[in-house]
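Chemist: Below you'll find structure-v1.txt; it's compact mmCIF, C-alpha atoms and all ligand atoms.
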# COMPACT_ATOMS: atom_id res chain seq x y z
CA MET A 1 0.66 2.18 -20.00
CA THR A 2 2.69 -0.98 -20.49
CA GLU A 3 4.77 -3.03 -18.08
CA SER A 4 7.93 -2.01 -19.89
CA GLN A 5 7.51 1.73 -19.41
CA ASN A 6 9.99 3.67 -17.31
CA PRO A 7 9.23 5.46 -14.03
CA GLU A 8 9.30 8.92 -15.68
CA THR A 9 6.48 7.79 -18.01
CA ILE A 10 4.50 5.73 -15.49
CA VAL A 11 4.12 8.69 -13.08
CA LEU A 12 2.44 10.70 -15.84
CA HIS A 13 0.33 8.05 -17.56
CA ALA A 14 -0.47 4.95 -15.49
CA GLY A 15 -4.08 4.37 -14.46
CA TYR A 16 -5.72 7.28 -16.28
CA ARG A 17 -5.93 8.76 -19.78
CA SER A 18 -8.79 11.27 -19.63
CA ASP A 19 -12.07 11.71 -17.80
CA GLU A 20 -14.78 9.52 -19.34
CA THR A 21 -17.48 12.18 -19.23
CA THR A 22 -15.58 15.47 -19.79
CA ASN A 23 -12.36 14.34 -21.52
CA ALA A 24 -10.42 16.33 -18.89
CA VAL A 25 -6.74 15.47 -19.09
CA ALA A 26 -5.88 16.38 -15.49
CA VAL A 27 -7.32 13.90 -12.98
CA PRO A 28 -10.54 15.45 -11.58
CA ILE A 29 -11.03 15.76 -7.82
CA TYR A 30 -14.10 13.63 -7.15
CA GLN A 31 -15.14 15.46 -4.01
CA THR A 32 -18.15 13.28 -3.22
CA THR A 33 -19.09 11.07 -0.30
CA SER A 34 -21.31 8.65 -2.21
CA TYR A 35 -22.23 7.26 -5.62
CA GLN A 36 -25.72 6.56 -6.98
CA PHE A 37 -26.48 2.88 -7.64
CA ASP A 38 -27.95 1.97 -11.07
CA SER A 39 -30.45 -0.43 -9.50
CA THR A 40 -31.01 -2.53 -6.38
CA GLU A 41 -29.27 -5.40 -8.16
CA HIS A 42 -26.24 -3.19 -8.91
CA ALA A 43 -26.15 -2.08 -5.26
CA SER A 44 -26.24 -5.61 -3.89
CA ASN A 45 -23.59 -6.78 -6.39
CA LEU A 46 -21.28 -4.01 -5.22
CA PHE A 47 -21.80 -4.80 -1.54
CA GLY A 48 -21.37 -8.52 -2.23
CA LEU A 49 -18.11 -7.90 -4.17
CA LYS A 50 -19.65 -9.61 -7.22
CA GLU A 51 -18.90 -6.42 -9.14
CA PHE A 52 -16.31 -3.70 -8.48
CA GLY A 53 -17.47 -0.09 -8.31
CA ASN A 54 -17.89 2.93 -6.09
CA ILE A 55 -20.06 2.83 -2.98
CA TYR A 56 -18.82 5.39 -0.44
CA THR A 57 -15.64 7.50 -0.26
CA ARG A 58 -14.55 6.06 3.08
CA ILE A 59 -13.79 2.87 1.13
CA MET A 60 -13.01 4.01 -2.45
CA ASN A 61 -12.87 7.14 -4.59
CA PRO A 62 -12.05 7.66 -8.31
CA THR A 63 -9.35 10.31 -7.65
CA ASN A 64 -7.69 8.06 -5.06
CA ASP A 65 -8.04 5.18 -7.50
CA VAL A 66 -5.74 6.89 -10.04
CA LEU A 67 -3.10 7.53 -7.37
CA GLU A 68 -3.40 3.92 -6.20
CA LYS A 69 -3.01 2.53 -9.71
CA ARG A 70 -0.10 4.84 -10.54
CA ILE A 71 1.95 3.96 -7.46
CA ALA A 72 1.18 0.25 -7.82
CA ALA A 73 2.50 0.46 -11.42
CA LEU A 74 5.57 2.42 -10.36
CA GLU A 75 6.45 -0.22 -7.75
CA GLY A 76 5.65 -3.22 -9.93
CA GLY A 77 2.85 -4.24 -7.54
CA VAL A 78 -0.70 -5.43 -8.27
CA ALA A 79 -2.82 -2.91 -6.35
CA SER A 80 -2.62 -0.36 -3.59
CA LEU A 81 -4.68 1.41 -0.94
CA ALA A 82 -4.50 5.15 -0.17
CA LEU A 83 -4.92 6.15 3.48
CA GLY A 84 -5.09 9.32 5.55
CA SER A 85 -1.46 9.24 6.73
CA GLY A 86 1.72 7.21 6.70
CA GLN A 87 0.93 6.19 10.27
CA ALA A 88 -2.43 4.76 9.17
CA ALA A 89 -0.61 2.87 6.39
CA SER A 90 1.87 1.29 8.85
CA LEU A 91 -0.93 0.38 11.26
CA PHE A 92 -3.17 -1.14 8.56
CA ALA A 93 -0.28 -3.03 6.97
CA ILE A 94 0.33 -4.84 10.27
CA GLN A 95 -3.23 -5.10 11.54
CA ASN A 96 -4.39 -6.66 8.28
CA ILE A 97 -2.54 -9.86 9.18
CA CYS A 98 -1.83 -9.60 12.95
CA HIS A 99 -4.48 -10.20 15.57
CA ALA A 100 -4.30 -10.26 19.40
CA GLY A 101 -1.87 -12.98 20.45
CA ASP A 102 0.19 -12.69 17.25
CA ASN A 103 3.61 -11.11 16.89
CA PHE A 104 5.73 -9.51 14.18
CA VAL A 105 9.46 -8.85 13.92
CA SER A 106 10.59 -5.31 13.23
CA SER A 107 13.92 -3.69 12.51
CA THR A 108 15.13 -1.42 15.33
CA ASP A 109 15.91 1.26 12.73
CA LEU A 110 12.55 3.02 12.59
CA TYR A 111 10.92 6.44 12.42
CA GLY A 112 10.12 7.48 16.04
CA GLY A 113 6.36 7.59 15.37
CA THR A 114 6.39 4.04 14.03
CA TRP A 115 8.42 2.90 17.05
CA ASN A 116 5.76 4.39 19.33
CA LEU A 117 2.91 2.85 17.33
CA PHE A 118 4.51 -0.60 17.51
CA SER A 119 5.79 -0.48 21.10
CA ASN A 120 2.84 1.20 22.77
CA THR A 121 -0.39 1.26 20.73
CA LEU A 122 -0.11 -2.18 19.08
CA SER A 123 0.85 -3.75 22.38
CA THR A 124 -2.45 -2.52 23.90
CA MET A 125 -4.17 -4.50 21.13
CA GLY A 126 -2.31 -7.66 22.14
CA ILE A 127 0.02 -7.55 19.13
CA GLU A 128 3.65 -8.06 20.14
CA VAL A 129 6.54 -6.38 18.33
CA ARG A 130 9.92 -8.12 18.49
CA TYR A 131 12.77 -5.75 17.63
CA VAL A 132 15.83 -7.02 15.84
CA ASP A 133 19.05 -5.19 14.89
CA PRO A 134 19.23 -5.46 11.06
CA ALA A 135 23.04 -5.61 11.19
CA ASP A 136 22.49 -9.38 11.31
CA PRO A 137 19.58 -10.51 9.08
CA GLU A 138 19.57 -13.90 10.86
CA GLY A 139 18.09 -12.10 13.88
CA PHE A 140 14.78 -12.13 11.98
CA ARG A 141 14.87 -15.91 11.68
CA ASN A 142 15.76 -16.32 15.35
CA ALA A 143 12.85 -14.12 16.47
CA THR A 144 10.27 -16.01 14.37
CA ASP A 145 7.80 -18.51 15.78
CA GLU A 146 4.48 -19.98 14.62
CA ARG A 147 2.59 -16.80 15.63
CA THR A 148 4.91 -14.45 13.66
CA ARG A 149 2.84 -12.86 10.89
CA CYS A 150 5.27 -10.48 9.18
CA TYR A 151 8.61 -8.67 9.17
CA TYR A 152 8.74 -4.86 9.04
CA ALA A 153 11.55 -2.45 8.15
CA GLU A 154 12.42 0.86 6.50
CA THR A 155 14.55 0.88 3.34
CA LEU A 156 16.53 4.02 4.28
CA PRO A 157 15.86 4.67 7.95
CA ASN A 158 16.95 7.87 9.53
CA PRO A 159 18.89 8.87 11.58
CA LYS A 160 21.41 6.05 11.00
CA LEU A 161 20.81 5.91 7.22
CA ASN A 162 21.87 2.23 7.23
CA VAL A 163 20.15 0.72 4.20
CA PHE A 164 18.14 -2.36 5.17
CA PRO A 165 19.18 -5.82 3.87
CA ILE A 166 15.93 -6.32 1.92
CA LYS A 167 16.76 -9.45 -0.04
CA GLU A 168 18.54 -11.15 2.85
CA VAL A 169 15.53 -10.76 5.19
CA ALA A 170 12.91 -11.33 2.46
CA ASP A 171 14.64 -14.64 1.62
CA ILE A 172 14.54 -15.76 5.26
CA GLY A 173 10.87 -14.78 5.40
CA ARG A 174 10.00 -16.68 2.24
CA GLU A 175 11.73 -19.77 3.62
CA LEU A 176 9.68 -19.54 6.84
CA GLY A 177 6.43 -18.32 5.21
CA VAL A 178 6.64 -14.76 6.59
CA PRO A 179 6.13 -11.70 4.31
CA LEU A 180 8.40 -8.65 4.50
CA ILE A 181 6.73 -5.23 4.71
CA MET A 182 9.03 -2.35 3.63
CA ASP A 183 8.46 1.32 4.47
CA ASN A 184 10.01 2.93 1.37
CA THR A 185 9.10 6.52 2.32
CA ALA A 186 12.66 7.92 2.16
CA CYS A 187 13.60 6.54 -1.24
CA PRO A 188 10.82 6.23 -3.83
CA ILE A 189 12.24 5.81 -7.38
CA LEU A 190 15.68 4.95 -5.90
CA CYS A 191 14.54 1.57 -4.60
CA ARG A 192 11.80 -0.86 -5.67
CA PRO A 193 11.52 -3.27 -2.72
CA PHE A 194 9.44 -5.82 -4.67
CA ASP A 195 12.43 -6.36 -6.98
CA HIS A 196 14.29 -7.67 -3.91
CA GLY A 197 11.59 -9.96 -2.52
CA ALA A 198 9.48 -7.68 -0.28
CA ALA A 199 5.77 -8.57 -0.25
CA ILE A 200 4.19 -5.27 0.82
CA ILE A 201 5.34 -1.64 0.58
CA VAL A 202 4.23 1.17 2.87
CA TYR A 203 4.58 4.89 2.09
CA SER A 204 4.07 8.11 3.91
CA THR A 205 3.08 10.02 0.75
CA THR A 206 3.42 13.15 2.90
CA LYS A 207 7.14 13.18 2.06
CA TYR A 208 8.76 12.87 -1.39
CA ILE A 209 5.66 11.69 -3.27
CA GLY A 210 3.73 14.83 -2.31
CA GLY A 211 7.00 16.71 -2.38
CA HIS A 212 5.63 20.15 -1.61
CA GLY A 213 4.76 19.88 2.07
CA THR A 214 1.02 20.45 1.54
CA SER A 215 -0.74 17.20 2.48
CA ILE A 216 -0.64 14.27 4.89
CA GLY A 217 -1.22 10.84 3.34
CA GLY A 218 -0.15 7.22 3.23
CA LEU A 219 -0.36 4.23 0.95
CA ILE A 220 0.06 0.44 1.06
CA VAL A 221 1.12 -1.43 -2.10
CA ASP A 222 0.51 -5.16 -2.50
CA GLY A 223 3.25 -6.92 -4.49
CA GLY A 224 0.90 -9.80 -5.31
CA ASN A 225 3.99 -11.99 -4.95
CA PHE A 226 3.33 -13.75 -1.65
CA ASP A 227 1.43 -17.03 -1.48
CA TRP A 228 -0.84 -16.55 1.55
CA GLU A 229 -2.60 -19.85 0.89
CA ALA A 230 0.56 -21.95 0.96
CA GLN A 231 1.47 -21.04 4.56
CA GLY A 232 -0.92 -23.40 6.35
CA ASP A 233 -2.25 -21.86 9.56
CA ARG A 234 -0.11 -18.71 9.51
CA PHE A 235 -2.70 -16.46 7.84
CA PRO A 236 -6.16 -17.50 9.05
CA MET A 237 -7.33 -13.90 8.48
CA LEU A 238 -6.77 -14.35 4.74
CA ASN A 239 -7.34 -18.02 4.05
CA GLN A 240 -10.10 -18.90 6.52
CA PRO A 241 -13.70 -17.58 6.60
CA ASP A 242 -13.95 -13.92 7.68
CA PRO A 243 -17.00 -13.49 9.94
CA SER A 244 -17.03 -9.74 9.21
CA TYR A 245 -17.80 -10.42 5.54
CA HIS A 246 -20.32 -13.30 5.46
CA GLY A 247 -17.56 -15.85 5.89
CA ALA A 248 -15.57 -14.75 2.81
CA VAL A 249 -12.23 -16.51 2.41
CA TRP A 250 -10.19 -13.69 0.92
CA THR A 251 -7.66 -15.79 -0.96
CA GLU A 252 -10.60 -17.61 -2.65
CA ALA A 253 -13.06 -14.75 -3.03
CA VAL A 254 -10.82 -12.50 -5.13
CA LYS A 255 -8.86 -15.16 -7.01
CA PRO A 256 -10.46 -14.37 -10.39
CA LEU A 257 -9.30 -10.75 -10.02
CA GLY A 258 -5.65 -11.61 -9.37
CA PRO A 259 -3.39 -12.01 -6.31
CA ILE A 260 -4.97 -9.12 -4.41
CA ALA A 261 -6.36 -10.86 -1.29
CA TYR A 262 -4.24 -8.83 1.14
CA ILE A 263 -5.04 -5.38 -0.23
CA ILE A 264 -8.75 -6.07 -0.83
CA LYS A 265 -9.17 -7.29 2.72
CA ALA A 266 -7.43 -4.14 4.03
CA ARG A 267 -9.87 -2.00 2.03
CA VAL A 268 -13.15 -3.76 2.63
CA THR A 269 -12.66 -4.68 6.28
CA LEU A 270 -10.07 -2.38 7.97
CA LEU A 271 -10.83 0.77 6.00
CA ARG A 272 -14.56 0.06 6.26
CA ASP A 273 -14.37 -0.40 10.04
CA ILE A 274 -11.67 2.01 11.16
CA GLY A 275 -11.92 4.77 8.55
CA ALA A 276 -8.76 6.82 7.89
CA PRO A 277 -9.24 7.24 4.12
CA MET A 278 -7.13 9.69 2.11
CA SER A 279 -9.16 12.74 1.12
CA PRO A 280 -9.69 13.08 -2.66
CA PHE A 281 -8.22 16.59 -2.53
CA ASN A 282 -5.02 15.22 -0.99
CA ALA A 283 -4.95 12.38 -3.55
CA PHE A 284 -5.02 15.09 -6.25
CA GLN A 285 -2.07 16.83 -4.57
CA PHE A 286 -0.13 13.56 -4.46
CA ILE A 287 -0.90 12.93 -8.15
CA GLN A 288 0.61 16.36 -8.93
CA GLY A 289 3.66 15.56 -6.81
CA LEU A 290 4.10 12.14 -8.36
CA GLU A 291 4.33 13.63 -11.87
CA THR A 292 7.69 15.29 -11.10
CA LEU A 293 8.96 12.79 -8.52
CA PRO A 294 11.69 11.21 -10.71
CA LEU A 295 13.05 14.64 -11.64
CA ARG A 296 12.95 15.89 -8.06
CA MET A 297 14.63 12.77 -6.69
CA GLU A 298 17.51 13.31 -9.09
CA ARG A 299 18.09 16.87 -7.85
CA HIS A 300 17.49 15.93 -4.19
CA CYS A 301 20.16 13.24 -4.43
CA GLU A 302 22.66 15.39 -6.32
CA ASN A 303 22.34 18.22 -3.78
CA ALA A 304 22.52 15.87 -0.78
CA ALA A 305 25.73 14.26 -2.04
CA ALA A 306 27.28 17.73 -2.43
CA VAL A 307 26.16 18.74 1.09
CA ALA A 308 27.58 15.54 2.61
CA GLN A 309 30.87 16.27 0.90
CA TYR A 310 30.89 19.90 2.09
CA LEU A 311 30.12 18.96 5.72
CA SER A 312 32.69 16.19 5.84
CA SER A 313 35.49 18.69 5.21
CA HIS A 314 34.22 21.31 7.68
CA ASP A 315 36.31 21.69 10.82
CA LYS A 316 33.31 22.11 13.17
CA VAL A 317 31.78 18.83 12.02
CA ASP A 318 32.74 15.70 13.90
CA HIS A 319 31.07 13.11 11.74
CA VAL A 320 28.80 12.93 8.65
CA ILE A 321 26.23 10.19 8.16
CA PHE A 322 25.38 9.56 4.49
CA PRO A 323 24.98 6.16 2.77
CA SER A 324 27.76 6.68 0.19
CA MET A 325 30.21 7.50 2.98
CA GLN A 326 29.70 4.23 4.83
CA SER A 327 32.05 1.31 4.45
CA GLY A 328 32.01 -2.48 4.36
CA GLU A 329 28.65 -4.25 4.48
CA LEU A 330 26.71 -1.00 4.98
CA LYS A 331 28.16 0.50 1.80
CA ARG A 332 27.49 -2.75 -0.05
CA ARG A 333 23.83 -2.59 0.99
CA ALA A 334 23.58 1.09 -0.03
CA ASP A 335 24.96 0.24 -3.46
CA ALA A 336 22.82 -2.88 -3.86
CA TYR A 337 19.49 -1.27 -2.97
CA LEU A 338 19.71 2.41 -3.94
CA LYS A 339 19.97 3.22 -7.63
CA GLY A 340 20.49 6.70 -9.06
CA GLY A 341 21.50 8.33 -5.79
CA TYR A 342 21.83 7.80 -2.04
CA GLY A 343 18.73 9.71 -0.98
CA ALA A 344 18.47 13.25 0.34
CA LEU A 345 18.85 12.79 4.08
CA VAL A 346 22.16 13.84 5.58
CA GLY A 347 23.00 13.46 9.27
CA PHE A 348 25.90 14.97 11.14
CA GLU A 349 27.27 15.51 14.62
CA LEU A 350 28.90 18.78 15.60
CA LYS A 351 32.10 18.77 17.64
CA GLY A 352 30.43 21.22 20.04
CA GLY A 353 27.70 18.70 21.02
CA LEU A 354 24.14 19.57 22.07
CA GLU A 355 24.70 23.33 22.52
CA ALA A 356 26.40 23.71 19.12
CA GLY A 357 23.56 21.72 17.52
CA ARG A 358 20.98 24.11 18.96
CA LYS A 359 22.93 27.20 17.88
CA PHE A 360 23.33 25.76 14.38
CA ILE A 361 19.60 25.11 13.98
CA ASP A 362 18.66 28.55 15.34
CA ALA A 363 21.05 30.27 12.91
CA LEU A 364 19.65 28.68 9.75
CA LYS A 365 17.90 31.12 7.41
CA LEU A 366 17.09 29.22 4.21
CA PHE A 367 16.52 25.81 5.81
CA TYR A 368 13.19 25.40 7.59
CA HIS A 369 13.29 24.02 11.12
CA VAL A 370 10.45 21.49 10.87
CA ALA A 371 9.51 17.91 11.77
CA ASN A 372 9.33 16.69 8.20
CA ILE A 373 11.41 15.23 5.39
CA GLY A 374 11.03 15.06 1.62
CA ASP A 375 9.86 18.63 0.97
CA ALA A 376 11.19 20.44 -2.12
CA ARG A 377 12.62 22.94 0.39
CA SER A 378 15.62 22.12 2.57
CA LEU A 379 14.71 21.19 6.15
CA ALA A 380 16.61 20.64 9.39
CA ILE A 381 15.82 19.21 12.81
CA HIS A 382 17.42 18.12 16.08
CA PRO A 383 15.75 14.71 16.61
CA ALA A 384 16.70 14.19 20.29
CA SER A 385 14.58 17.16 21.37
CA THR A 386 11.77 16.68 18.81
CA THR A 387 10.83 13.63 16.68
CA HIS A 388 12.50 11.14 19.02
CA SER A 389 11.81 12.95 22.30
CA GLN A 390 9.05 10.56 23.40
CA LEU A 391 11.46 7.63 23.33
CA THR A 392 13.46 6.70 26.42
CA PRO A 393 17.16 7.70 26.26
CA GLU A 394 18.03 4.00 25.73
CA ASP A 395 15.52 3.68 22.88
CA GLN A 396 16.81 6.95 21.36
CA LEU A 397 20.31 5.52 21.26
CA ALA A 398 19.04 2.22 19.83
CA THR A 399 17.50 4.16 16.93
CA GLY A 400 20.78 6.09 16.43
CA VAL A 401 19.88 9.49 17.90
CA SER A 402 22.64 11.08 19.96
CA ASP A 403 22.32 14.48 21.71
CA SER A 404 24.38 16.29 19.09
CA TYR A 405 22.87 14.68 16.01
CA VAL A 406 21.35 17.05 13.40
CA ARG A 407 19.26 15.75 10.50
CA LEU A 408 19.05 17.57 7.19
CA SER A 409 16.52 16.84 4.47
CA ILE A 410 18.10 18.42 1.42
CA GLY A 411 15.77 20.16 -1.02
CA ILE A 412 15.98 21.11 -4.67
CA GLU A 413 17.16 24.73 -4.29
CA HIS A 414 20.42 25.76 -6.01
CA ILE A 415 23.29 23.97 -4.28
CA ASP A 416 25.27 27.21 -3.83
CA ASP A 417 22.42 28.72 -1.78
CA ILE A 418 22.08 25.57 0.34
CA VAL A 419 25.79 25.51 1.11
CA ALA A 420 25.85 29.26 1.84
CA ASP A 421 23.15 28.82 4.50
CA LEU A 422 24.91 25.84 6.08
CA SER A 423 28.16 27.77 6.08
CA GLN A 424 26.79 30.81 7.91
CA ALA A 425 24.93 28.60 10.44
CA LEU A 426 28.11 26.60 11.12
CA GLU A 427 29.91 29.90 11.76
CA ALA A 428 27.37 30.60 14.51
CA ALA A 429 27.54 27.10 16.02
N1 LIG B 501 7.39 6.40 7.84
C1 LIG B 501 8.43 7.25 7.80
C2 LIG B 501 9.76 6.72 7.35
C3 LIG B 501 8.29 8.58 8.19
O1 LIG B 501 9.35 9.41 8.14
C4 LIG B 501 7.01 9.04 8.62
C5 LIG B 501 6.82 10.44 9.06
O2 LIG B 501 7.75 11.18 9.29
C6 LIG B 501 5.95 8.14 8.65
C7 LIG B 501 6.16 6.83 8.24
C8 LIG B 501 4.59 8.56 9.10
O3 LIG B 501 3.99 9.30 8.08
P1 LIG B 501 2.85 10.40 8.30
O4 LIG B 501 3.48 11.56 8.98
O5 LIG B 501 2.37 10.68 6.91
O6 LIG B 501 1.79 9.79 9.16
Write the structure described by the file as structure tokens, please.
Modeler:
Amino acid sequence: MTESQNPETIVLHAGYRSDETTNAVAVPIYQTTSYQFDSTEHASNLFGLKEFGNIYTRIMNPTNDVLEKRIAALEGGVASLALGSGQAASLFAIQNICHAGDNFVSSTDLYGGTWNLFSNTLSTMGIEVRYVDPADPEGFRNATDERTRCYYAETLPNPKLNVFPIKEVADIGRELGVPLIMDNTACPILCRPFDHGAAIIVYSTTKYIGGHGTSIGGLIVDGGNFDWEAQGDRFPMLNQPDPSYHGAVWTEAVKPLGPIAYIIKARVTLLRDIGAPMSPFNAFQFIQGLETLPLRMERHCENAAAVAQYLSSHDKVDHVIFPSMQSGELKRRADAYLKGGYGALVGFELKGGLEAGRKFIDALKLFYHVANIGDARSLAIHPASTTHSQLTPEDQLATGVSDSYVRLSIGIEHIDDIVADLSQALEAA
């Protein structure tokens, strides 16, 4: 694998050639909890981080390691960490640098589960979230103070599908010494947030990376492009002694291995203490999914564009939400940050409102009615009564969910069959 390889090649080759003991070409599932030490010296070197190697699968695993290396290569990052879910990845990404009394600034355009995690669970830990409407990137600057540890946003957030101004906010953050964390779940391959200045990427691998709706997982990628040491007192958890690891100063301790302080700390402290590792079996599933991800994204995007077009000319449809159909600054952002397609999420509002939305969903035959996105199959949901139902009506509206909004996650079936199902369900609506 070389730096210059293309995504289609990286997803098949990065981080693994064949198994050292069996020559197996497919990545083996190392379904083991622990790993025998060669000697007491070897064991203490591993625990003391003098040597890298396997200790216990809560903290590292060789199958997960291939997935981690492959996605880090795909994103142009330095290293990554596989976790048990996308939610665990979002939590760890923040908690790794935010302690009680600290705050972070987040875009309002978020997945409902992330909104809940930030607004309710993190607040019980004394970590304050400050929401900012990404329409104006300067809002991030205005919400920043000396206890602000990071910015957080989704590249292609649903339901609004307003692409986030990555470079604009990353630039503000770099000026103020604050890293930008991007949840890129909805548009792997289409967007590489590190190319636009993001410092950390979060994935729910459950979605497009897995691609087949079989496994829950998450991943954090470290861009290795943020200077934690240069920010004075902003990151004491990385550049001052860590009492949970014999006083290690992470930016110093791992310097010979590269700019991986952030991701190593997440692994050897948070993952060690909290758990939430990805299972090796699920890592294997994600490796299978990753191999065809570029091909699937192409078809997902092609089908979604055709569906958006079809819906926009249907007389029962009031309004279609799809990045290529936006105008002005929103369209500029979609074009600047998404390459090769506008993603596979399509939103729309029916003229008949809530009741028509329900009838539409109930009439679908090919589409699955599920709380998921990014499956190879086409999916549909009514967010106001499901994924966003735990939000207050005001918060629902702030995230872009109206009563009549329907979200489609377009799969890779034949486009004629997708449109036929939509057509008969719209008849019934
Ligand atoms: N981020 C986004 C954008 C999501 O859509 C989801 C789940 O729907 C998550 C994070 C959470 O991922 P998981 O369900 O794997 O915990």
Chemist: So that I can check the surroundings of Tyr35 (chain A), please list as a PDB file with C-alpha atoms, in the frame of the given file every protein, DNA and RNA residue that reaches within 9 Å of it, counting only C-alpha atoms and ignoring chain neighbours fewer than 6 positions away.
Modeler:
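Final output, saved to selection.pdb:
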ATOM      1  CA  ASN A  54     -17.890   2.930  -6.090  1.00  0.00           C
ATOM      2  CA  ILE A  55     -20.060   2.830  -2.980  1.00  0.00           C
ATOM      3  CA  TYR A  56     -18.820   5.390  -0.440  1.00  0.00           C
ATOM      4  CA  THR A  57     -15.640   7.500  -0.260  1.00  0.00           C
TER       5      THR A  57
END
Chemist: Could you give me, as a tab-separated table, every chain A residue with an atom at most 8 Å from ligand LIG 501 (chain B), plus its closest atom pair and distance in Å to one decimal, counting only C-alpha atoms and all ligand atoms, rows ordered by chain then number?
Modeler:
residue	atom	partner	partner_atom	distance
A:Gly84	CA	B:LIG501	O5	7.7
A:Ser85	CA	B:LIG501	O6	4.1
A:Gly86	CA	B:LIG501	O3	3.4
A:Gln87	CA	B:LIG501	O6	3.9
A:Ala88	CA	B:LIG501	O6	6.6
A:Ala89	CA	B:LIG501	O6	7.8
A:Ser90	CA	B:LIG501	C7	7.0
A:Leu110	CA	B:LIG501	C2	7.0
A:Tyr111	CA	B:LIG501	C2	5.2
A:Gly113	CA	B:LIG501	C8	6.6
A:Thr114	CA	B:LIG501	C7	6.4
A:Glu154	CA	B:LIG501	C2	6.5
A:Leu156	CA	B:LIG501	C2	7.9
A:Pro157	CA	B:LIG501	C2	6.5
A:Asn158	CA	B:LIG501	C2	7.6
A:Asp183	CA	B:LIG501	N1	6.2
A:Asn184	CA	B:LIG501	C2	7.1
A:Thr185	CA	B:LIG501	C2	5.1
A:Ala186	CA	B:LIG501	C2	6.1
A:Val202	CA	B:LIG501	N1	7.9
A:Tyr203	CA	B:LIG501	N1	6.6
A:Ser204	CA	B:LIG501	O5	4.3
A:Thr205	CA	B:LIG501	O5	6.2
A:Thr206	CA	B:LIG501	O5	4.8
A:Lys207	CA	B:LIG501	O5	7.2
A:Ile216	CA	B:LIG501	O5	5.1
A:Gly217	CA	B:LIG501	O5	5.1
A:Gly218	CA	B:LIG501	O5	5.6
A:Ala371	CA	B:LIG501	O2	7.4
A:Asn372	CA	B:LIG501	O2	5.8
A:Ile373	CA	B:LIG501	O2	6.7
Chemist: Pick out the residues sitting within 9 Å of Gln231 (chain A), and hand them over as number ranges by chain; count all atoms listed in the file, and ignore anything fewer than 3 positions along from it in its own chain.
Modeler: A: 176-178, 227-228, 234-235
Chemist: Looking at A:Tyr342, A:Phe37, A:Tyr131, A:Phe47, which one is nearest to Cys191 (chain A), with distances taken over only C-alpha atoms?
Modeler: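 The answer is A:Tyr342, which sits nearest to Cys191 (chain A).
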Chemist: When distances are computed from only C-alpha atoms, which of A:Cys98, A:Ile410, A:Leu180, A:Val11 shows the smallest separation from Glu298 (chain A)?
Modeler: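 Counting only C-alpha atoms, the residue closest to Glu298 (chain A) is A:Ile410.
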Chemist: Would you kindly return, as a ChimeraX atom specification, each protein, DNA or RNA residue with an atom no farther than 12 Å from any atom of Pro62 (chain A), considering only C-alpha atoms and excluding same-chain residues fewer than 6 positions away?
Modeler: /A:15-16,19-20,27-35,53-56,68-69,82,278-281,283-284
Chemist: May I ask which of the residues A:Ile209, A:Ala198, A:Val221, A:Ala230 is the closest one to Asn282 (chain A), counting only C-alpha atoms?
Modeler: A:Ile209
Chemist: My list of candidates is A:Tyr405, A:Tyr337, A:Phe367, A:Phe286. Which is closest to Gly211 (chain A) when distances are computed with only C-alpha atoms?
Modeler: A:Phe286
Chemist: Excluding Glu349 (chain A) and any residue of its chain fewer than 6 positions from it, enumerate the residues within 8 Å of it, using all atoms listed in the file, and give them as a PDB file with C-alpha atoms, keeping the file's coordinate frame.
Modeler:
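out-v9.pdb, written as the output of this step:
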ATOM      1  CA  VAL A 317      31.780  18.830  12.020  1.00  0.00           C
ATOM      2  CA  ASP A 318      32.740  15.700  13.900  1.00  0.00           C
ATOM      3  CA  HIS A 319      31.070  13.110  11.740  1.00  0.00           C
ATOM      4  CA  VAL A 320      28.800  12.930   8.650  1.00  0.00           C
ATOM      5  CA  GLY A 357      23.560  21.720  17.520  1.00  0.00           C
ATOM      6  CA  SER A 404      24.380  16.290  19.090  1.00  0.00           C
ATOM      7  CA  TYR A 405      22.870  14.680  16.010  1.00  0.00           C
ATOM      8  CA  VAL A 406      21.350  17.050  13.400  1.00  0.00           C
TER       9      VAL A 406
END
Chemist: Quick one: distance from CA of Ser18 (chain A) to CA of Ala73 (chain A) in Å, one decimal?
Modeler: 17.7 Å
Chemist: Would you mind reading off the distance between CA of Thr214 (chain A) and CA of Ala93 (chain A), one decimal, in Å?
Modeler: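 Result for CA of Thr214 (chain A) versus CA of Ala93 (chain A): 24.1 Å, one decimal.
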Chemist: So how many Å separate CA of Ala253 (chain A) and CA of Arg147 (chain A), to one decimal?
Modeler: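 CA of Arg147 (chain A) lies at a distance of 24.4 Å from CA of Ala253 (chain A).
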Chemist: Near Leu81 (chain A), within 8 Å and counting only C-alpha atoms, which residues show up once chain neighbours fewer than 2 positions away are dropped, as number ranges by chain?
Modeler: A: 68, 79, 83, 219-221, 263, 266-267
Chemist: Between A:Glu291, A:Glu41, A:Glu302, A:Glu252, which one has atoms that come closest to Gly411 (chain A), using only C-alpha atoms?
Modeler: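 Checking each of A:Glu291, A:Glu41, A:Glu302, A:Glu252 against Gly411 (chain A), counting only C-alpha atoms, the winner is A:Glu302.
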Chemist: Which of these residues is nearest to Arg58 (chain A), using all atoms listed in the file: A:Asp133, A:Asp417, A:Glu229, A:Asp273?
Modeler: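 With all atoms listed in the file as the atom set, the closest residue is A:Asp273.
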Chemist: Identify the residues around (11.2, 16.6, 2.2) within a radius of 6 Å, measuring from only C-alpha atoms in the coordinates stated by the file, and give them as a list in words.
Modeler: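 Within 6 Å of (11.2, 16.6, 2.2), the protein and nucleic acid residues are Lys207, Tyr208, Ile373, Gly374, Asp375, Ala376 and Ser409 of chain A.
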